[in-house]
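Trainee: Below is the structure I would like to discuss, written out as structure tokens.
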Amino acid sequence: MSAKPPILLAGNWKMNHGPKAAREFLQKLELPKKDRAQARLYVPALSLTSAIASTQEKTLPLQIGAQNVHYEKSGAFTGEISGPMLSEIGINQVLIGHSERRQFFGETNESVLLKTKSALEQGFEVLLCIGELLSEREAGKTESVLTEQLVHVLENQECKTHFGGRLHLAYEPVWAIGTGVVATPEQAQSAHGFVRSLLTKSLGSEKAEDTRILYGGSVTPSNFKELLACPGIDGGLVGGASLRPESFRALWDLI
Ligand code: 13P
């Protein structure tokens, strides 16, 4: 068996912090190195260059990633950003399929598959987001929704080989995002266990264990420790609580 990957604390700034605010955040942030943990921030496209420069100036143990990438490398896609553009500025991390992209920008399981395939092929490390709506949970459909969100990726030979290497997952129940209603450890653990079982069936237990499954949805310094204590939760994808250096650091200190 291979060793478990280090715990990942990933912040998703969403549409917050332009280049100046990103620089100020990173100038303030103190992040001591840890052996068994990694930190990452997914920042708005316009703030990527400034975030990378500030991270390098301070040699922070922090990776900077993009929140979205198009599946084509160039072309008539107004407003979009391509993999080669991200690579050119030194980005090799990307978030794909966040529920806000699915909800507000029409992303589907099919477009998420195209993006995942293309990003992996171009050498990116991908954090792929999945998670059910409240109505789906209440209708007892959590597991079928998670299965639908993952099945195409798991059936795709190119994506399949990258699980546990450059492809990892974030389980973010949509009802917990930005609501202050965090999943209970039991709810989170049960969803993570189910996702892991899908991975095991399709990839075998070693790759399934090597794949990080982060929990996201109203993570704060007051609930992170309890979530991290659950077997199968390999880190957090954090929105609101990643926006201030103090609270990002407080989360880091809990790992
Ligand atoms: P909050 O932590 O603000 O609930 O957001 C979670 C999220 O969507 C991270 O991607």
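Ordered as shown in the structure tokens, chains take letters A, B, and onward, while each chain numbers its residues from 1 and ligands are numbered from 1 in the order shown.
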Could you report the residues within 7 Å of ligand 1, using only C-alpha atoms and all ligand atoms, as an MDAnalysis selection string?

Mentor: chainID A and resid 11:12 98 172 176:180 216:219 237:241

Trainee: Using the chain letters and numbers from this document, which residues of stretch 42-212 of chain A does DSSP assign to alpha helix (DSSP H), as an MDAnalysis selection string?

Mentor: chainID A and resid 48:57 83:88 99:104 109:121 134:138 142:155 157:160 185:203 205:210

Trainee: When distances are computed from only C-alpha atoms, which of A:Val174, A:Leu41, A:Cys230, A:Leu243 shows the smallest separation from A:Ser135?

Mentor: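 For A:Ser135, the nearest of the candidates is A:Val174.
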
Trainee: Write out as number ranges by chain all residues of stretch 139-209 of chain A that backbone DSSP assigns to strand (DSSP E or B).

Mentor: A: 163, 167-171

Trainee: Pick out the residues sitting within 12 Å of A:Ala53, and hand them over as a ChimeraX atom specification; count only C-alpha atoms, and ignore anything fewer than 4 positions along from it in its own chain.

Mentor: /A:19-20,22-24,26-27,47-49,57-60,62-64,89-91

Trainee: What's the 8 Å shell around stretch 138-152 of chain A, counting only C-alpha atoms, without same-chain residues fewer than 2 positions away, as a PyMOL selection string?

Mentor: chain A and resi 109-110+113+130-132+134-136+154-156+191+194-195+198

Trainee: Between A:Phe104, A:Phe77, A:Phe25, A:Phe124, which is the closest to A:Arg166 once you count only C-alpha atoms?

Mentor: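 Closest residue, counting only C-alpha atoms: A:Phe124.
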
Trainee: My list of candidates is A:Asp234, A:Arg137, A:Ser247, A:Gly164. Which is closest to A:Glu206 when distances are computed with only C-alpha atoms?

Mentor: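 Among A:Asp234, A:Arg137, A:Ser247, A:Gly164, it is A:Gly164 that comes nearest to A:Glu206.
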
Trainee: Interatomic distance between atom CA of A:Tyr215 and atom CA of A:Leu254?

Mentor: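 Separating atom CA of A:Tyr215 from atom CA of A:Leu254 is a distance of 14.8 Å.
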
Trainee: Choose the residue, out of A:Gly75, A:Pro84, A:Glu30, A:Ala250, that has the smallest atom-to-atom separation from A:Pro61; count only C-alpha atoms.

Mentor: A:Glu30

Trainee: Which neighbours of A:Leu86 fall inside 12 Å, counting only C-alpha atoms, when residues of the same chain fewer than 3 positions from it are skipped, and could you give them as a VMD selection string?

Mentor: chain A and resid 44 to 49 52 64 to 70 73 to 74 80 to 83 89 to 94 119 122 to 124

Trainee: Taking into account only C-alpha atoms, which residue in the set A:Gly97, A:Gly204, A:Pro32, A:Gly106 is nearest to A:Trp252?

Mentor: A:Pro32

Trainee: When you draw a straight line from atom CA of A:Glu72 to atom CA of A:Val153, how long is it in Å?

Mentor: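 Calculated distance between atom CA of A:Glu72 and atom CA of A:Val153 is 17.8 Å.
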
Trainee: Excluding A:Leu228 and its own-chain neighbours fewer than 3 positions away, which residues fall within 9 Å of it when counting only C-alpha atoms? Please give them as a PyMOL selection string.

Mentor: chain A and resi 7+185+215+223-225+231-236+254-255

Trainee: If you keep N, CA, C and O atoms, can you produce a file of those selected residues as a PDB file, in the first residue's frame?

Mentor:
ATOM      1  N   ILE A   7      -2.532  15.898   3.982  1.00  0.00           N
ATOM      2  CA  ILE A   7      -3.799  16.633   4.112  1.00  0.00           C
ATOM      3  C   ILE A   7      -3.678  17.941   3.325  1.00  0.00           C
ATOM      4  O   ILE A   7      -2.634  18.593   3.352  1.00  0.00           O
ATOM      5  N   PRO A 185     -20.352  15.477  10.839  1.00  0.00           N
ATOM      6  CA  PRO A 185     -19.289  14.514  10.534  1.00  0.00           C
ATOM      7  C   PRO A 185     -19.863  13.214   9.977  1.00  0.00           C
ATOM      8  O   PRO A 185     -19.297  12.622   9.055  1.00  0.00           O
ATOM      9  N   TYR A 215     -13.415  17.794   1.916  1.00  0.00           N
ATOM     10  CA  TYR A 215     -14.777  18.216   2.226  1.00  0.00           C
ATOM     11  C   TYR A 215     -14.858  19.736   2.076  1.00  0.00           C
ATOM     12  O   TYR A 215     -13.939  20.455   2.513  1.00  0.00           O
ATOM     13  N   ASN A 223     -15.117  24.120  13.127  1.00  0.00           N
ATOM     14  CA  ASN A 223     -15.596  22.762  12.814  1.00  0.00           C
ATOM     15  C   ASN A 223     -14.574  21.902  12.048  1.00  0.00           C
ATOM     16  O   ASN A 223     -14.799  20.715  11.804  1.00  0.00           O
ATOM     17  N   PHE A 224     -13.449  22.510  11.651  1.00  0.00           N
ATOM     18  CA  PHE A 224     -12.522  21.807  10.762  1.00  0.00           C
ATOM     19  C   PHE A 224     -11.883  20.592  11.441  1.00  0.00           C
ATOM     20  O   PHE A 224     -11.726  19.534  10.829  1.00  0.00           O
ATOM     21  N   LYS A 225     -11.557  20.735  12.703  1.00  0.00           N
ATOM     22  CA  LYS A 225     -10.848  19.665  13.387  1.00  0.00           C
ATOM     23  C   LYS A 225     -11.708  18.393  13.455  1.00  0.00           C
ATOM     24  O   LYS A 225     -11.239  17.283  13.199  1.00  0.00           O
ATOM     25  N   PRO A 231     -12.450   9.479   9.336  1.00  0.00           N
ATOM     26  CA  PRO A 231     -11.698   8.705   8.352  1.00  0.00           C
ATOM     27  C   PRO A 231     -12.233   9.014   6.953  1.00  0.00           C
ATOM     28  O   PRO A 231     -13.445   9.139   6.778  1.00  0.00           O
ATOM     29  N   GLY A 232     -11.342   9.180   6.007  1.00  0.00           N
ATOM     30  CA  GLY A 232     -11.794   9.399   4.627  1.00  0.00           C
ATOM     31  C   GLY A 232     -11.909  10.854   4.247  1.00  0.00           C
ATOM     32  O   GLY A 232     -12.172  11.184   3.090  1.00  0.00           O
ATOM     33  N   ILE A 233     -11.733  11.777   5.201  1.00  0.00           N
ATOM     34  CA  ILE A 233     -11.727  13.207   4.848  1.00  0.00           C
ATOM     35  C   ILE A 233     -10.264  13.662   4.825  1.00  0.00           C
ATOM     36  O   ILE A 233      -9.581  13.637   5.837  1.00  0.00           O
ATOM     37  N   ASP A 234      -9.815  14.036   3.631  1.00  0.00           N
ATOM     38  CA  ASP A 234      -8.378  14.264   3.418  1.00  0.00           C
ATOM     39  C   ASP A 234      -8.010  15.737   3.339  1.00  0.00           C
ATOM     40  O   ASP A 234      -6.943  16.091   2.831  1.00  0.00           O
ATOM     41  N   GLY A 235      -8.913  16.592   3.805  1.00  0.00           N
ATOM     42  CA  GLY A 235      -8.624  18.018   3.781  1.00  0.00           C
ATOM     43  C   GLY A 235      -9.897  18.801   3.569  1.00  0.00           C
ATOM     44  O   GLY A 235     -10.999  18.231   3.569  1.00  0.00           O
ATOM     45  N   GLY A 236      -9.744  20.115   3.383  1.00  0.00           N
ATOM     46  CA  GLY A 236     -10.922  20.963   3.228  1.00  0.00           C
ATOM     47  C   GLY A 236     -10.779  21.899   2.047  1.00  0.00           C
ATOM     48  O   GLY A 236      -9.674  22.345   1.711  1.00  0.00           O
ATOM     49  N   LEU A 254      -4.869  23.792  12.580  1.00  0.00           N
ATOM     50  CA  LEU A 254      -5.669  22.656  13.078  1.00  0.00           C
ATOM     51  C   LEU A 254      -5.263  21.317  12.437  1.00  0.00           C
ATOM     52  O   LEU A 254      -5.749  20.270  12.808  1.00  0.00           O
ATOM     53  N   ILE A 255      -4.397  21.410  11.438  1.00  0.00           N
ATOM     54  CA  ILE A 255      -3.996  20.168  10.743  1.00  0.00           C
ATOM     55  C   ILE A 255      -2.860  19.503  11.503  1.00  0.00           C
ATOM     56  O   ILE A 255      -1.890  20.172  11.849  1.00  0.00           O
TER      57      ILE A 255
END

Trainee: Which polymer residues have any atom within 9 Å of an atom of A:Pro5, counting only C-alpha atoms, with same-chain residues fewer than 2 positions away left out, as a ChimeraX atom specification?

Mentor: /A:2-3,7-8,36-37,164,209-212,234
